[in-house]
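**Student:** Could you have a look at this structure, given as structure tokens, before my questions?
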Amino acid sequence: MDNNYTEKKIIFVTGAISGGGAEKVITILANGCAELGADVSLAILRERHESYAISDKVKVYRIKSGKFKLLSRISNLRRAIKDSVADTVIPFLPLISLYTIIAGIGLRKKYVMSERGDPRISIFAKNFSGKDRVGVLFMRRLQLYRIAEHMVFQTTDARDYYCKSIRKKSVLIPNPLDCGRLPERFEGEREKRIIAAGRFSEEKNFPLLLSGFARFRKVFPEYTLTLCGDGPEGDNLKKLASDLGIADSVEFPGFCDDIHARMNRAAMYISTSNHEGISNSMLEALGMGVPTIVTDCPVGGSKMFVHTDENGILIPMNDEDSLVEGMTKIASDLGYAEKISKEAVKIRDEISSESICRRWLELA
């Protein structure tokens, strides 16, 4: 335990820990900072199924909603912040950050905030609910993040969206890789299976993957495709698989608690997203040495970590030809697949959860 952090008192605030990428990151950070000796609390604002394990060293506040949901949620969050005696408050995502600012009025706390997505997305994008739009309006568009003492960005592209006053107090910290929970690189003959993971929503662009796989399968009929996740586009994706004539080769297992075991032996991992902060699934695939193909999408997280023909393949967005070409290269050249796999696992040293947690603690 590093005694340098024993004086740090932090409360993280999240909407839930039910499967989202930002929710996974905040859980890793809370657990990791507690392991390093900090006094860590975690406030969870919504009563949902919890997909990620929380360390016994983290004090958890599960916020209950009363008759007037919003008012009681903010009131109970304020009580949790005071009870935790935290000096530093770290909320994730725009709406949660807005709630946290309101809850903390007059408490004289230090705020460390962060941008987890693409701030350039329209406020009227389909993936934003009415409440989410309010959070985006205040935190991103009106740049209420100026209240924070430090602003954490995952990429320079996201940072450059904001005004000069925010950029001046910005720090670049990528997502952590929880190597302790990640299997070692698989050394045997890989299964002829392609895997992808994420929320079934428009920005993930799974139709491109299905269409590309349909073409790829004409040459490599022994391969299957597994899409792990759920979301509003699920039924449309299953229909598209049927329309493309590949339904018998595409599996939709839902949200997968065993995603690492499924991914580790796969022939390749693919992400065809049109928007990502830094994809946790991509980082985990690289960390396990799974041959990886990802789109060079906003806000620049993919290009930070994937370098074509070195540790993976980076392709343009919406480019089905490049996708099929990359899949074919990995499937037909096992030496090439092995080379990029061995190079990919080096990411474990670069963004281990311990090193990333230390960087956050220096800001707290």
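The way I read the labels, and the way they are meant: chains A, B, ... in the order of the structure tokens, residue 1 as the first residue of every chain, and ligand 1 as the first ligand shown, with later ones counted on from there.
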With a cut-off of 12 Å, could you pull out the residues of range 233-341 of chain A touching range 17-34 of chain A and give me the nearest pair of atoms for each, distance in Å to one decimal, using only C-alpha atoms, ordered by chain and ascending number, as a Markdown table?

**Tutor:**
```
| residue | atom | partner | partner_atom | distance |
| --- | --- | --- | --- | --- |
| A:Gly254 | CA | A:Gly19 | CA | 11.3 |
| A:Phe255 | CA | A:Gly19 | CA | 7.9 |
| A:Cys256 | CA | A:Gly19 | CA | 9.5 |
| A:Asp257 | CA | A:Gly19 | CA | 9.5 |
| A:Ile259 | CA | A:Gly19 | CA | 11.7 |
| A:Glu276 | CA | A:Gly21 | CA | 10.0 |
| A:Gly277 | CA | A:Ala22 | CA | 9.2 |
| A:Ile278 | CA | A:Gly21 | CA | 8.9 |
| A:Ser279 | CA | A:Gly21 | CA | 7.3 |
| A:Asn280 | CA | A:Gly21 | CA | 6.3 |
| A:Ser281 | CA | A:Gly21 | CA | 8.5 |
| A:Met282 | CA | A:Gly21 | CA | 11.1 |
| A:Leu283 | CA | A:Gly21 | CA | 11.4 |
| A:Glu284 | CA | A:Gly21 | CA | 11.8 |
```

**Student:** Store the residues picked out above in a file with N, CA, C and O atoms, as a JSON list (two decimals), in the first residue's frame.

**Tutor:**
```json
[["chain", "number", "residue", "atom", "x", "y", "z"],
["A", 254, "GLY", "N", -26.59, -11.50, -25.66],
["A", 254, "GLY", "CA", -26.94, -10.46, -24.70],
["A", 254, "GLY", "C", -25.70, -9.93, -23.99],
["A", 254, "GLY", "O", -24.57, -10.12, -24.45],
["A", 255, "PHE", "N", -25.94, -9.25, -22.86],
["A", 255, "PHE", "CA", -24.81, -8.76, -22.07],
["A", 255, "PHE", "C", -24.08, -9.96, -21.47],
["A", 255, "PHE", "O", -24.69, -10.82, -20.83],
["A", 256, "CYS", "N", -22.77, -10.04, -21.68],
["A", 256, "CYS", "CA", -22.00, -11.24, -21.32],
["A", 256, "CYS", "C", -21.12, -10.99, -20.10],
["A", 256, "CYS", "O", -20.15, -10.22, -20.18],
["A", 257, "ASP", "N", -21.42, -11.66, -19.00],
["A", 257, "ASP", "CA", -20.55, -11.59, -17.83],
["A", 257, "ASP", "C", -19.22, -12.28, -18.09],
["A", 257, "ASP", "O", -18.22, -11.99, -17.43],
["A", 259, "ILE", "N", -17.42, -12.13, -20.88],
["A", 259, "ILE", "CA", -16.91, -11.55, -22.12],
["A", 259, "ILE", "C", -15.43, -11.83, -22.32],
["A", 259, "ILE", "O", -14.98, -12.09, -23.44],
["A", 276, "GLU", "N", -16.81, 6.92, -30.25],
["A", 276, "GLU", "CA", -16.33, 6.27, -29.03],
["A", 276, "GLU", "C", -15.50, 7.29, -28.25],
["A", 276, "GLU", "O", -14.87, 8.17, -28.84],
["A", 277, "GLY", "N", -15.49, 7.14, -26.92],
["A", 277, "GLY", "CA", -14.49, 7.85, -26.13],
["A", 277, "GLY", "C", -13.20, 7.08, -26.33],
["A", 277, "GLY", "O", -12.47, 7.25, -27.28],
["A", 278, "ILE", "N", -12.94, 6.18, -25.40],
["A", 278, "ILE", "CA", -11.97, 5.11, -25.63],
["A", 278, "ILE", "C", -12.71, 3.82, -25.29],
["A", 278, "ILE", "O", -13.14, 3.64, -24.15],
["A", 279, "SER", "N", -12.86, 2.94, -26.24],
["A", 279, "SER", "CA", -13.62, 1.72, -26.03],
["A", 279, "SER", "C", -12.92, 0.80, -25.05],
["A", 279, "SER", "O", -11.77, 0.39, -25.27],
["A", 280, "ASN", "N", -13.60, 0.44, -23.96],
["A", 280, "ASN", "CA", -13.04, -0.51, -23.00],
["A", 280, "ASN", "C", -12.86, -1.88, -23.63],
["A", 280, "ASN", "O", -11.86, -2.56, -23.37],
["A", 281, "SER", "N", -13.81, -2.30, -24.45],
["A", 281, "SER", "CA", -13.71, -3.60, -25.10],
["A", 281, "SER", "C", -12.49, -3.66, -26.02],
["A", 281, "SER", "O", -11.81, -4.68, -26.10],
["A", 282, "MET", "N", -12.23, -2.56, -26.73],
["A", 282, "MET", "CA", -11.05, -2.50, -27.59],
["A", 282, "MET", "C", -9.78, -2.66, -26.77],
["A", 282, "MET", "O", -8.87, -3.43, -27.13],
["A", 283, "LEU", "N", -9.69, -1.92, -25.66],
["A", 283, "LEU", "CA", -8.49, -1.99, -24.81],
["A", 283, "LEU", "C", -8.31, -3.40, -24.25],
["A", 283, "LEU", "O", -7.19, -3.92, -24.19],
["A", 284, "GLU", "N", -9.41, -4.02, -23.86],
["A", 284, "GLU", "CA", -9.32, -5.38, -23.31],
["A", 284, "GLU", "C", -8.91, -6.38, -24.38],
["A", 284, "GLU", "O", -8.11, -7.30, -24.11]]
```

**Student:** So that each row is one residue of range 173-222 of chain A with an atom at most 10 Å from range 102-117 of chain A, can you give its shortest atom pair and the distance in Å to one decimal, using only C-alpha atoms, rows by chain and rising number, as a Markdown table?

**Tutor:**
```
| residue | atom | partner | partner_atom | distance |
| --- | --- | --- | --- | --- |
| A:Ile173 | CA | A:Ser114 | CA | 9.6 |
| A:Pro174 | CA | A:Arg116 | CA | 9.8 |
| A:Asn175 | CA | A:Arg116 | CA | 9.4 |
```

**Student:** Once DSSP has gone over the backbone, tell me which residues of range 135-330 of chain A are in strand (DSSP E or B), as a ChimeraX atom specification.

**Tutor:** /A:150-153,170-172,177,191-197,224-228,250-254,266-271,292-295,308,312-315

**Student:** Next, write the just-selected residues to a file, as a tab-separated table (two decimals), in the first residue's frame, keeping C-alpha atoms as the atom set.

**Tutor:**
```tsv
chain	number	residue	atom	x	y	z
A	150	HIS	CA	-9.22	19.70	-12.98
A	151	MET	CA	-10.81	18.42	-16.20
A	152	VAL	CA	-9.79	14.97	-17.41
A	153	PHE	CA	-9.93	14.09	-21.10
A	170	SER	CA	-7.04	19.78	-18.50
A	171	VAL	CA	-5.20	16.49	-18.08
A	172	LEU	CA	-5.13	13.58	-20.55
A	177	LEU	CA	-6.99	-1.74	-18.06
A	191	GLU	CA	-11.37	-20.40	-32.61
A	192	LYS	CA	-12.75	-19.36	-35.97
A	193	ARG	CA	-14.96	-16.83	-34.33
A	194	ILE	CA	-15.21	-13.05	-34.57
A	195	ILE	CA	-16.42	-11.11	-31.55
A	196	ALA	CA	-17.79	-7.62	-31.01
A	197	ALA	CA	-19.27	-6.01	-27.91
A	224	THR	CA	-19.01	-17.30	-36.85
A	225	LEU	CA	-19.78	-13.88	-35.37
A	226	THR	CA	-20.76	-13.15	-31.76
A	227	LEU	CA	-22.31	-9.79	-30.87
A	228	CYS	CA	-22.32	-9.29	-27.09
A	250	VAL	CA	-24.41	-14.95	-35.85
A	251	GLU	CA	-24.92	-15.29	-32.10
A	252	PHE	CA	-26.66	-12.67	-29.91
A	253	PRO	CA	-25.99	-13.80	-26.30
A	254	GLY	CA	-26.94	-10.46	-24.70
A	266	ALA	CA	-11.46	-15.49	-30.68
A	267	ALA	CA	-9.81	-15.10	-34.07
A	268	MET	CA	-10.44	-11.37	-34.02
A	269	TYR	CA	-12.22	-8.53	-32.23
A	270	ILE	CA	-13.94	-5.85	-34.32
A	271	SER	CA	-15.43	-2.45	-33.52
A	292	THR	CA	-8.16	-6.28	-33.48
A	293	ILE	CA	-9.86	-4.18	-36.17
A	294	VAL	CA	-11.35	-0.81	-35.18
A	295	THR	CA	-12.68	2.27	-36.97
A	308	THR	CA	-2.14	-0.67	-38.54
A	312	GLY	CA	-3.98	-4.17	-35.03
A	313	ILE	CA	-5.80	-2.66	-37.99
A	314	LEU	CA	-7.32	0.84	-38.04
A	315	ILE	CA	-9.90	1.41	-40.78
```

**Student:** Taking 4 positions as the minimum chain separation for residues in the same chain, which residues sit within 12 Å of Lys126 in chain A when counting only C-alpha atoms? Answer as an MDAnalysis selection string.

**Tutor:** chainID A and resid 121:122 130 132:133 201:203 232:233

**Student:** Go ahead and save the residues from that selection, with all heavy atoms, as a PDB file, in the first residue's frame.

**Tutor:**
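Written out: result35.pdb:
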```
ATOM      1  N   ILE A 121     -21.130  15.738 -30.546  1.00  0.00           N
ATOM      2  CA  ILE A 121     -22.399  15.133 -30.955  1.00  0.00           C
ATOM      3  C   ILE A 121     -23.544  16.098 -30.671  1.00  0.00           C
ATOM      4  O   ILE A 121     -23.600  16.739 -29.620  1.00  0.00           O
ATOM      5  CB  ILE A 121     -22.644  13.806 -30.204  1.00  0.00           C
ATOM      6  CG1 ILE A 121     -21.559  12.781 -30.579  1.00  0.00           C
ATOM      7  CG2 ILE A 121     -24.015  13.238 -30.543  1.00  0.00           C
ATOM      8  CD1 ILE A 121     -21.693  11.484 -29.825  1.00  0.00           C
ATOM      9  N   SER A 122     -24.473  16.189 -31.594  1.00  0.00           N
ATOM     10  CA  SER A 122     -25.613  17.087 -31.444  1.00  0.00           C
ATOM     11  C   SER A 122     -26.402  16.778 -30.185  1.00  0.00           C
ATOM     12  O   SER A 122     -26.572  15.616 -29.797  1.00  0.00           O
ATOM     13  CB  SER A 122     -26.542  16.974 -32.663  1.00  0.00           C
ATOM     14  OG  SER A 122     -27.781  17.620 -32.414  1.00  0.00           O
ATOM     15  N   GLY A 130     -34.327  12.883 -22.848  1.00  0.00           N
ATOM     16  CA  GLY A 130     -34.615  14.266 -22.498  1.00  0.00           C
ATOM     17  C   GLY A 130     -33.754  14.766 -21.354  1.00  0.00           C
ATOM     18  O   GLY A 130     -33.196  15.860 -21.396  1.00  0.00           O
ATOM     19  N   ASP A 132     -30.847  13.495 -20.349  1.00  0.00           N
ATOM     20  CA  ASP A 132     -29.454  13.541 -20.788  1.00  0.00           C
ATOM     21  C   ASP A 132     -29.165  14.818 -21.564  1.00  0.00           C
ATOM     22  O   ASP A 132     -28.081  15.400 -21.452  1.00  0.00           O
ATOM     23  CB  ASP A 132     -29.120  12.324 -21.657  1.00  0.00           C
ATOM     24  CG  ASP A 132     -29.015  11.045 -20.850  1.00  0.00           C
ATOM     25  OD1 ASP A 132     -28.652  11.136 -19.666  1.00  0.00           O
ATOM     26  OD2 ASP A 132     -29.304   9.972 -21.395  1.00  0.00           O
ATOM     27  N   ARG A 133     -30.144  15.259 -22.362  1.00  0.00           N
ATOM     28  CA  ARG A 133     -29.954  16.492 -23.131  1.00  0.00           C
ATOM     29  C   ARG A 133     -29.744  17.690 -22.214  1.00  0.00           C
ATOM     30  O   ARG A 133     -28.967  18.596 -22.514  1.00  0.00           O
ATOM     31  CB  ARG A 133     -31.160  16.732 -24.042  1.00  0.00           C
ATOM     32  CG  ARG A 133     -31.237  15.770 -25.222  1.00  0.00           C
ATOM     33  CD  ARG A 133     -32.282  16.222 -26.237  1.00  0.00           C
ATOM     34  NE  ARG A 133     -32.313  15.280 -27.352  1.00  0.00           N
ATOM     35  CZ  ARG A 133     -33.238  14.353 -27.525  1.00  0.00           C
ATOM     36  NH1 ARG A 133     -34.223  14.244 -26.654  1.00  0.00           N
ATOM     37  NH2 ARG A 133     -33.192  13.541 -28.553  1.00  0.00           N
ATOM     38  N   SER A 201     -26.833   0.293 -30.266  1.00  0.00           N
ATOM     39  CA  SER A 201     -27.351   1.618 -30.567  1.00  0.00           C
ATOM     40  C   SER A 201     -26.733   2.103 -31.875  1.00  0.00           C
ATOM     41  O   SER A 201     -25.761   1.536 -32.371  1.00  0.00           O
ATOM     42  CB  SER A 201     -27.048   2.594 -29.430  1.00  0.00           C
ATOM     43  OG  SER A 201     -25.677   2.587 -29.105  1.00  0.00           O
ATOM     44  N   GLU A 202     -27.318   3.144 -32.410  1.00  0.00           N
ATOM     45  CA  GLU A 202     -26.987   3.582 -33.760  1.00  0.00           C
ATOM     46  C   GLU A 202     -25.511   3.919 -33.943  1.00  0.00           C
ATOM     47  O   GLU A 202     -24.892   3.584 -34.960  1.00  0.00           O
ATOM     48  CB  GLU A 202     -27.856   4.797 -34.118  1.00  0.00           C
ATOM     49  CG  GLU A 202     -27.906   5.112 -35.593  1.00  0.00           C
ATOM     50  CD  GLU A 202     -28.944   6.182 -35.889  1.00  0.00           C
ATOM     51  OE1 GLU A 202     -30.121   5.832 -36.099  1.00  0.00           O
ATOM     52  OE2 GLU A 202     -28.570   7.367 -35.901  1.00  0.00           O
ATOM     53  N   GLU A 203     -24.912   4.582 -32.950  1.00  0.00           N
ATOM     54  CA  GLU A 203     -23.536   5.039 -33.113  1.00  0.00           C
ATOM     55  C   GLU A 203     -22.515   3.900 -33.158  1.00  0.00           C
ATOM     56  O   GLU A 203     -21.396   4.074 -33.637  1.00  0.00           O
ATOM     57  CB  GLU A 203     -23.151   6.039 -32.012  1.00  0.00           C
ATOM     58  CG  GLU A 203     -22.935   5.455 -30.645  1.00  0.00           C
ATOM     59  CD  GLU A 203     -24.203   5.286 -29.837  1.00  0.00           C
ATOM     60  OE1 GLU A 203     -25.305   5.489 -30.403  1.00  0.00           O
ATOM     61  OE2 GLU A 203     -24.111   4.948 -28.646  1.00  0.00           O
ATOM     62  N   PRO A 232     -31.514  -0.781 -27.949  1.00  0.00           N
ATOM     63  CA  PRO A 232     -32.705  -0.540 -28.776  1.00  0.00           C
ATOM     64  C   PRO A 232     -32.632  -1.070 -30.194  1.00  0.00           C
ATOM     65  O   PRO A 232     -33.663  -1.287 -30.820  1.00  0.00           O
ATOM     66  CB  PRO A 232     -32.827   0.993 -28.768  1.00  0.00           C
ATOM     67  CG  PRO A 232     -31.458   1.498 -28.446  1.00  0.00           C
ATOM     68  CD  PRO A 232     -30.876   0.478 -27.524  1.00  0.00           C
ATOM     69  N   GLU A 233     -31.442  -1.274 -30.737  1.00  0.00           N
ATOM     70  CA  GLU A 233     -31.306  -1.755 -32.112  1.00  0.00           C
ATOM     71  C   GLU A 233     -31.221  -3.272 -32.208  1.00  0.00           C
ATOM     72  O   GLU A 233     -30.996  -3.807 -33.299  1.00  0.00           O
ATOM     73  CB  GLU A 233     -30.061  -1.123 -32.752  1.00  0.00           C
ATOM     74  CG  GLU A 233     -30.149   0.379 -32.962  1.00  0.00           C
ATOM     75  CD  GLU A 233     -31.252   0.754 -33.929  1.00  0.00           C
ATOM     76  OE1 GLU A 233     -31.333   0.139 -35.008  1.00  0.00           O
ATOM     77  OE2 GLU A 233     -32.040   1.665 -33.603  1.00  0.00           O
TER      78      GLU A 233
END
```

**Student:** Quick one: of A:Arg348, A:Ser302, A:Arg358, A:Val324, who's nearest to Lys218 in chain A, counting only C-alpha atoms?

**Tutor:**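 For Lys218 in chain A, the nearest of the candidates is A:Val324.
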
**Student:** I want to know what sits within 10 Å of Lys346 in chain A, based on only C-alpha atoms, with residues of the same chain fewer than 3 positions away left out; could you give that as number ranges by chain?

**Tutor:** A: 286-289, 311, 341-343, 349-351

**Student:** Can I get the selection written as a compact mmCIF listing (two decimals), in the first residue's frame, with N, CA and C atoms?

**Tutor:**
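Contents of again_16.txt, as written:
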```txt
# COMPACT_ATOMS: atom_id res chain seq x y z
N LEU A 286 -7.04 -5.75 -27.00
CA LEU A 286 -5.61 -5.53 -27.19
C LEU A 286 -4.82 -6.14 -26.04
N GLY A 287 -5.29 -5.94 -24.82
CA GLY A 287 -4.60 -6.44 -23.65
C GLY A 287 -4.52 -7.95 -23.59
N MET A 288 -5.46 -8.62 -24.24
CA MET A 288 -5.44 -10.09 -24.32
C MET A 288 -4.76 -10.58 -25.59
N GLY A 289 -4.34 -9.66 -26.45
CA GLY A 289 -3.67 -10.06 -27.68
C GLY A 289 -4.60 -10.60 -28.74
N ASN A 311 0.03 -3.42 -34.22
CA ASN A 311 -0.67 -4.12 -33.14
C ASN A 311 -2.15 -4.32 -33.43
N SER A 341 -0.85 -9.69 -32.57
CA SER A 341 -1.31 -10.15 -31.27
C SER A 341 -0.22 -9.94 -30.21
N LYS A 342 1.00 -10.34 -30.52
CA LYS A 342 2.10 -10.22 -29.55
C LYS A 342 2.42 -8.75 -29.26
N GLU A 343 2.27 -7.91 -30.26
CA GLU A 343 2.55 -6.49 -30.05
C GLU A 343 1.44 -5.83 -29.23
N ASP A 349 1.23 -2.79 -19.92
CA ASP A 349 2.16 -1.98 -19.13
C ASP A 349 1.83 -0.49 -19.22
N GLU A 350 1.28 -0.09 -20.36
CA GLU A 350 1.03 1.33 -20.61
C GLU A 350 -0.13 1.88 -19.80
N ILE A 351 -1.21 1.11 -19.66
CA ILE A 351 -2.41 1.65 -19.01
C ILE A 351 -2.95 0.69 -17.95
```

**Student:** Return the single residue from A:Val290, A:Cys357, A:Met304, A:Leu363 that is closest to Lys339 in chain A, with distances computed using only C-alpha atoms.

**Tutor:**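 Of the candidates, the smallest distance to Lys339 in chain A is held by A:Val290.
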
**Student:** With only C-alpha atoms as the basis for distance, which of A:Lys82, A:Arg73, A:Lys131, A:Lys67 is at the shortest distance from Leu95 in chain A?

**Tutor:**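 Residue with the minimum atom-to-atom distance to Leu95 in chain A: A:Lys131.
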
**Student:** Listing only residues of range 13-99 of chain A within 10 Å of range 139-149 of chain A, what is the closest atom pair and its distance in Å (to one decimal) for each, using only C-alpha atoms, sorted by chain and residue number ascending, as CSV?

**Tutor:**
```
residue,atom,partner,partner_atom,distance
A:Thr88,CA,A:Glu149,CA,9.8
A:Val89,CA,A:Ala148,CA,9.6
A:Ile90,CA,A:Ala148,CA,9.4
A:Leu93,CA,A:Met139,CA,9.0
A:Pro94,CA,A:Met139,CA,5.6
A:Leu95,CA,A:Met139,CA,7.8
A:Ile96,CA,A:Met139,CA,9.8
A:Ser97,CA,A:Met139,CA,7.5
A:Leu98,CA,A:Met139,CA,6.8
```
